[in-house]
Amino acid sequence: MDNNLLAELLFPQVTQTIEDLEQRFPKRDLDENAKVTRFAPSPTGFMHIGGLYATLISWFLAKQSGGVFMLRIEDTDKKREVENGIEQIISVLGRFGITFDEGATGVGTANGAYAPYQQSLRADIYAICGKELVKKGYAYPCFCSEDDLAALRSKQEQNKEDDLGYYGEYATCRKLTYEEIKAKLEQGEKFTLRLKSPGSKENSIKLKDSVRGIIEFPENIMDIVLLKSDGIPTYHFAHAVDDHFMRTTDVIRGEEWLPSYPIHHQLFQVLEFPLPRFLHISPIMKLDNGNRRKLSKRKDAEAAVSFYLEEGYPVDGVLEYLLTVANSDYEEWRMAHAAEDYHNFKLSVKKMSVSGALFDLVKLNDICKNVIAALSQEDVIAGIKAWAAEYNPEFAEYLEANDEYFRKTVAIWSGGGKKARKDIFKWSQVAAEYDYLYQEQYNSKPFPCYQLPENFDIAEIKRVVNEYELRYSEPADSSAWFAGVKELAAEMGYCTDMKAYKADPTAYPGSVADFCTFLRIAITGRINSPDLFSIIQAIGEQNTRSRLKNFIVSH
RNA sequence: GGCGCGUUGGAGAAGUGGCUUAACUCACCAGCCUUUCACGCUGGCAUUCACGAGUUCGAAUCUCGUACGCGUCACCA
């Protein structure tokens, strides 16, 4: 068959050639070490934490090499698409401080010389490449229906074939003559364009993955679909065409793409495109019934990036956690460069792990605690307000109306420095964790929620609280307050000298520490809280008294 | 089932043939500091690197096999 004739029959509207595309999208004028990377999501309205992870790595590698970072939208599956999908991706990434040098900026809009960056807008480009492959004898139209393909599969399953799919002898449409094709087209039959794979299982190909090293595969033999019947390309074809014409130097993507690498390798080969570098990222896993599995969109709330925003995790904390997953020596770097911006960390491809890391929320929390603890009071206030404005309007309203009081309460537990408290790791904790500070004015949560110590009798605790309430008078300052507490504690038999107490704990009902714990429980409802005196001072005498009384009557 | 990837402590991991009696971080435990709560500090936490065999004077590091886990085999990405 004359391939040129077939190409014209299939793509009569296409007049340009790959040569034209090479000129339209010229090679980039960049330093040879500069990396051009991209994030290429489908706009399904869901940003996975793994996607953020991949983005972060791609972004670092591009930026640190003086390269280019792009956003390409892979909207080739209209069924899964979601409204505002593109905007959501851009906005969520923006919240994490990730911006693009070029790429889609919204539906149909873009910034950069290699536009469009939205695959659904690049149909002409794929058609040109498709036509070229037909001319070279590397592609042909396939008229098989879904049913035909299903029948083929079950036949192959019965034959116990190792490879299921459209290939070799099974690829019936390969054998169609020009006349048969023409007749089908004239009857209005739709076709998919398939690769005519020149591969053989006997041959092997090698991938030099940037983190995994050399991986060997048998050559691809599948006649995969290049263009769907609606003319939209499949991922594989779009990847080869776009990453070539966008001049990507490093394809960074999830490990799930590894098995289809032979297809991509072959596509680059038949298209006569030079191969970019590849880096396959291991997935972020979760332990489920003793087994590891990928973080799942359906089962795990923490799989969604929006989760961290809603919960009020500081975005830098999330990013720093992801950095430790990428390069575990990030933590050492962070300790050595406490004040430095994490963007200055040199991300190393060599140090990236090959096996999938378990997502560790506890560690994330620890990192976020440190991030918040290092913040100035003003930044803490701003962080809380910004979070509340978006996710807890009721609390935001309260903060707005009680700004002065709110600032006073924040001063109790924040402010950075060496002795910073590490009570909270996300903004949503503020109202919950410090509910005793906002009880009278903002009742988002029922109070009290007393936590009682295990080794003391409730009657004894009540005795102490009652006595304290009777003697209570507004303290002048912190040391006067504590002196009073000590005096009463001693009077009630409690040991006020910690050293003496430790030497013989059985000689006393408890220590002054225990004594304070009782008061703390009555006033704050919990065993741990910031400095008690500061709290008393913030909430005022009246509230302090009523809480002490309330504790007694409610137990 | 085919193909591919992986397996160092509870978690993330460093380590690529002798410098490792396996770093560092989180978690956990003990203690110290301390006028409460924290913060901080010190110490403990793998006689051993999935298992088996081999190469070597020497192996977590090299080779082979086994087991287990994961991924993938669409007109989805």
# chains A, B, ... in the order shown; residues from 1 in each chain; ligands from 1
>>> interface_residues(of="chain B", to="chain A", cutoff="8 Å", atoms="only C-alpha atoms (C1' of nucleotides)", output="list in words")
G1, G2, C3, G4, G6, A11, G12, A13, C24, U25, C26, A27, U35, U36, C37, A38, C39, G40, G69, C70, G71, U72, C73, C75, C76 and A77 of chain B
>>> write_last_selection(atoms="C-alpha atoms (C1' of nucleotides)", output="mmCIF file, in the first residue's frame")
data_model
loop_
_atom_site.group_PDB
_atom_site.id
_atom_site.type_symbol
_atom_site.label_atom_id
_atom_site.label_comp_id
_atom_site.auth_asym_id
_atom_site.auth_seq_id
_atom_site.Cartn_x
_atom_site.Cartn_y
_atom_site.Cartn_z
ATOM 1 C "C1'" G B 1 -0.466 -15.058 34.403
ATOM 2 C "C1'" G B 2 3.390 -11.695 31.623
ATOM 3 C "C1'" C B 3 6.514 -7.578 32.370
ATOM 4 C "C1'" G B 4 8.746 -4.110 35.760
ATOM 5 C "C1'" G B 6 11.073 -2.725 45.684
ATOM 6 C "C1'" A B 11 8.245 5.444 60.634
ATOM 7 C "C1'" G B 12 11.498 8.415 57.076
ATOM 8 C "C1'" A B 13 16.364 6.894 56.048
ATOM 9 C "C1'" C B 24 20.672 11.583 61.353
ATOM 10 C "C1'" U B 25 15.227 12.840 62.154
ATOM 11 C "C1'" C B 26 10.269 11.433 64.027
ATOM 12 C "C1'" A B 27 7.938 8.212 67.580
ATOM 13 C "C1'" U B 35 8.057 28.097 90.657
ATOM 14 C "C1'" U B 36 3.265 25.074 87.045
ATOM 15 C "C1'" C B 37 2.748 23.496 81.624
ATOM 16 C "C1'" A B 38 5.997 23.508 77.995
ATOM 17 C "C1'" C B 39 10.775 24.355 75.700
ATOM 18 C "C1'" G B 40 15.638 22.429 76.128
ATOM 19 C "C1'" G B 69 5.004 -6.379 48.933
ATOM 20 C "C1'" C B 70 3.892 -2.842 45.126
ATOM 21 C "C1'" G B 71 2.916 -1.169 40.112
ATOM 22 C "C1'" U B 72 1.123 -2.243 35.220
ATOM 23 C "C1'" C B 73 -1.074 -4.897 31.181
ATOM 24 C "C1'" C B 75 -10.214 4.676 22.417
ATOM 25 C "C1'" C B 76 -7.837 6.619 31.690
ATOM 26 C "C1'" A B 77 -4.174 9.494 32.767
#
>>> residues_around(residues="G44 of chain B", least_positions_apart="2", cutoff="12 Å", atoms="only C-alpha atoms (C1' of nucleotides)", output="PyMOL selection string")
chain B and resi 28-31+42
>>> select_by_dssp(residues="segment 207-319 of chain A", states="alpha helix (DSSP H)", output="ChimeraX atom specification")
/A:235-245,261-271,305-311,315-319
>>> residues_around(residues="Phe39 of chain A", least_positions_apart="6", cutoff="7 Å", atoms="only C-alpha atoms (C1' of nucleotides)", output="PyMOL selection string")
chain A and resi 55+70-72
>>> write_last_selection(atoms="C-alpha atoms", output="JSON list (two decimals), in the first residue's frame")
[["chain", "number", "residue", "atom", "x", "y", "z"],
["A", 55, "THR", "CA", 5.56, 19.17, 41.37],
["A", 70, "MET", "CA", 5.86, 24.44, 32.84],
["A", 71, "LEU", "CA", 2.26, 23.60, 33.50],
["A", 72, "ARG", "CA", 0.69, 21.43, 30.85]]
>>> residues_around(residues="Pro509 of chain A", least_positions_apart="6", cutoff="12 Å", atoms="only C-alpha atoms (C1' of nucleotides)", output="number ranges by chain")
A: 455-457, 460-461, 464, 489-496, 501, 515
>>> atom_distance(atom1="atom CA of Leu548 of chain A", atom2="atom CA of Tyr434 of chain A")
17.4 Å
>>> select_by_dssp(residues="segment 44-243 of chain A", states="strand (DSSP E or B)", output="PyMOL selection string")
chain A and resi 48+68-71+73+102-106+109-111+118+139-142+167+192-195+204-209+213-218+222+225-227+233
>>> residues_around(residues="Glu32 of chain A", least_positions_apart="3", cutoff="10 Å", atoms="only C-alpha atoms (C1' of nucleotides)", output="PyMOL selection string")
chain A and resi 29+35+65-67+249
>>> write_last_selection(atoms="C-alpha atoms", output="PDB file, in the first residue's frame")
ATOM      1  CA  ASP A  29      18.352  28.544  24.118  1.00  0.00           C
ATOM      2  CA  LYS A  35      16.487  21.406  33.118  1.00  0.00           C
ATOM      3  CA  SER A  65      19.469  24.455  37.278  1.00  0.00           C
ATOM      4  CA  GLY A  66      18.377  27.753  35.798  1.00  0.00           C
ATOM      5  CA  GLY A  67      15.782  25.999  33.681  1.00  0.00           C
ATOM      6  CA  THR A 249      14.635  17.826  29.120  1.00  0.00           C
TER       7      THR A 249
END
>>> atom_distance(atom1="atom C1' of A60 of chain B", atom2="atom C1' of C45 of chain B")
20.1 Å
>>> closest_residue(among="A:Ile221, A:Leu30, A:Ala500, A:Val465", to="Ser204 of chain A", atoms="only C-alpha atoms")
A:Ile221
>>> residues_around(residues="Lys462 of chain A", least_positions_apart="6", cutoff="9 Å", atoms="only C-alpha atoms (C1' of nucleotides)", output="VMD selection string")
chain A and resid 518 522 551 to 552 555
>>> closest_residue(among="A:Val241, A:Gly45, A:Leu399, A:Leu10", to="Lys190 of chain A", atoms="only C-alpha atoms")
A:Leu10
>>> residues_around(residues="G18 of chain B", least_positions_apart="5", cutoff="12 Å", atoms="only C-alpha atoms (C1' of nucleotides)", output="ChimeraX atom specification")
/B:56-59,61
>>> write_last_selection(atoms="N, CA and C atoms (P, O5', C5', C4', C3', O3' and C1' of nucleotides)", output="mmCIF file, in the first residue's frame")
data_model
loop_
_atom_site.group_PDB
_atom_site.id
_atom_site.type_symbol
_atom_site.label_atom_id
_atom_site.label_comp_id
_atom_site.auth_asym_id
_atom_site.auth_seq_id
_atom_site.Cartn_x
_atom_site.Cartn_y
_atom_site.Cartn_z
ATOM 1 P P U B 56 36.528 -17.079 45.881
ATOM 2 O "O5'" U B 56 36.830 -15.766 46.722
ATOM 3 C "C5'" U B 56 37.373 -14.621 46.080
ATOM 4 C "C4'" U B 56 37.401 -13.490 47.053
ATOM 5 C "C3'" U B 56 38.070 -13.809 48.387
ATOM 6 O "O3'" U B 56 39.490 -13.739 48.294
ATOM 7 C "C1'" U B 56 36.049 -12.629 48.758
ATOM 8 P P C B 57 40.327 -14.859 49.043
ATOM 9 O "O5'" C B 57 40.199 -14.443 50.576
ATOM 10 C "C5'" C B 57 40.553 -15.372 51.600
ATOM 11 C "C4'" C B 57 40.586 -14.643 52.916
ATOM 12 C "C3'" C B 57 39.332 -13.848 53.239
ATOM 13 O "O3'" C B 57 38.345 -14.672 53.835
ATOM 14 C "C1'" C B 57 41.204 -12.468 53.578
ATOM 15 P P G B 58 36.812 -14.544 53.395
ATOM 16 O "O5'" G B 58 36.435 -13.076 53.850
ATOM 17 C "C5'" G B 58 36.196 -12.830 55.251
ATOM 18 C "C4'" G B 58 35.995 -11.366 55.476
ATOM 19 C "C3'" G B 58 34.790 -10.742 54.777
ATOM 20 O "O3'" G B 58 33.617 -10.928 55.569
ATOM 21 C "C1'" G B 58 36.678 -9.364 54.442
ATOM 22 P P A B 59 32.180 -11.042 54.897
ATOM 23 O "O5'" A B 59 32.012 -9.591 54.255
ATOM 24 C "C5'" A B 59 31.630 -8.409 55.025
ATOM 25 C "C4'" A B 59 30.398 -7.827 54.369
ATOM 26 C "C3'" A B 59 29.226 -8.790 54.538
ATOM 27 O "O3'" A B 59 28.311 -8.309 55.491
ATOM 28 C "C1'" A B 59 29.597 -8.218 52.216
ATOM 29 P P U B 61 24.947 -7.415 50.978
ATOM 30 O "O5'" U B 61 24.476 -6.084 50.293
ATOM 31 C "C5'" U B 61 24.838 -5.747 48.962
ATOM 32 C "C4'" U B 61 25.490 -4.374 48.926
ATOM 33 C "C3'" U B 61 26.659 -4.293 47.955
ATOM 34 O "O3'" U B 61 26.256 -3.495 46.840
ATOM 35 C "C1'" U B 61 27.145 -3.221 50.045
#
>>> decode(residues="chain B", atoms="C-alpha atoms (C1' of nucleotides)", output="short mmCIF file (atom, residue, chain, number, x, y, z; two decimals), in the first residue's frame")
data_model
loop_
_atom_site.label_atom_id
_atom_site.label_comp_id
_atom_site.auth_asym_id
_atom_site.auth_seq_id
_atom_site.Cartn_x
_atom_site.Cartn_y
_atom_site.Cartn_z
"C1'" G B 1 -0.47 -15.06 34.40
"C1'" G B 2 3.39 -11.70 31.62
"C1'" C B 3 6.51 -7.58 32.37
"C1'" G B 4 8.75 -4.11 35.76
"C1'" C B 5 10.05 -2.12 40.61
"C1'" G B 6 11.07 -2.73 45.68
"C1'" U B 7 12.63 -5.14 50.74
"C1'" U B 8 18.25 -1.54 56.37
"C1'" G B 9 14.76 -0.28 63.60
"C1'" G B 10 7.70 1.28 65.01
"C1'" A B 11 8.25 5.44 60.63
"C1'" G B 12 11.50 8.42 57.08
"C1'" A B 13 16.36 6.89 56.05
"C1'" A B 14 22.32 7.36 55.57
"C1'" G B 15 25.32 3.77 53.68
"C1'" U B 16 27.60 1.42 46.87
"C1'" G B 17 33.45 -4.14 49.48
"C1'" G B 18 37.34 -2.80 55.13
"C1'" C B 19 36.82 4.32 58.26
"C1'" U B 20 29.86 0.94 60.60
"C1'" U B 21 30.55 -1.80 67.68
"C1'" A B 22 24.87 0.60 60.88
"C1'" A B 23 24.62 8.18 60.85
"C1'" C B 24 20.67 11.58 61.35
"C1'" U B 25 15.23 12.84 62.15
"C1'" C B 26 10.27 11.43 64.03
"C1'" A B 27 7.94 8.21 67.58
"C1'" C B 28 8.64 5.60 72.14
"C1'" C B 29 11.20 4.89 77.10
"C1'" A B 30 14.36 6.70 81.21
"C1'" G B 31 16.65 10.75 83.50
"C1'" C B 32 18.21 15.98 84.02
"C1'" C B 33 16.76 21.16 83.98
"C1'" U B 34 12.57 23.81 85.83
"C1'" U B 35 8.06 28.10 90.66
"C1'" U B 36 3.27 25.07 87.05
"C1'" C B 37 2.75 23.50 81.62
"C1'" A B 38 6.00 23.51 78.00
"C1'" C B 39 10.77 24.36 75.70
"C1'" G B 40 15.64 22.43 76.13
"C1'" C B 41 19.40 18.80 77.39
"C1'" U B 42 21.48 13.72 78.27
"C1'" G B 43 20.98 8.66 77.60
"C1'" G B 44 18.31 4.11 75.85
"C1'" C B 45 15.94 1.97 71.58
"C1'" A B 46 18.76 -2.93 64.63
"C1'" U B 47 24.90 -8.01 67.78
"C1'" U B 48 22.40 -6.56 62.38
"C1'" C B 49 20.63 -4.86 57.02
"C1'" A B 50 13.63 -10.08 53.95
"C1'" C B 51 15.52 -15.31 53.59
"C1'" G B 52 19.05 -19.03 51.50
"C1'" A B 53 23.43 -20.08 48.89
"C1'" G B 54 27.85 -18.26 46.50
"C1'" U B 55 32.25 -14.80 45.36
"C1'" U B 56 36.05 -12.63 48.76
"C1'" C B 57 41.20 -12.47 53.58
"C1'" G B 58 36.68 -9.36 54.44
"C1'" A B 59 29.60 -8.22 52.22
"C1'" A B 60 24.07 -4.28 54.34
"C1'" U B 61 27.15 -3.22 50.05
"C1'" C B 62 28.87 -8.00 44.35
"C1'" U B 63 26.29 -12.75 42.00
"C1'" C B 64 22.37 -16.34 41.85
"C1'" G B 65 17.89 -18.30 43.79
"C1'" U B 66 13.46 -18.00 47.05
"C1'" A B 67 9.71 -15.34 49.65
"C1'" C B 68 6.81 -11.26 50.38
"C1'" G B 69 5.00 -6.38 48.93
"C1'" C B 70 3.89 -2.84 45.13
"C1'" G B 71 2.92 -1.17 40.11
"C1'" U B 72 1.12 -2.24 35.22
"C1'" C B 73 -1.07 -4.90 31.18
"C1'" A B 74 -7.88 0.54 28.10
"C1'" C B 75 -10.21 4.68 22.42
"C1'" C B 76 -7.84 6.62 31.69
"C1'" A B 77 -4.17 9.49 32.77
#
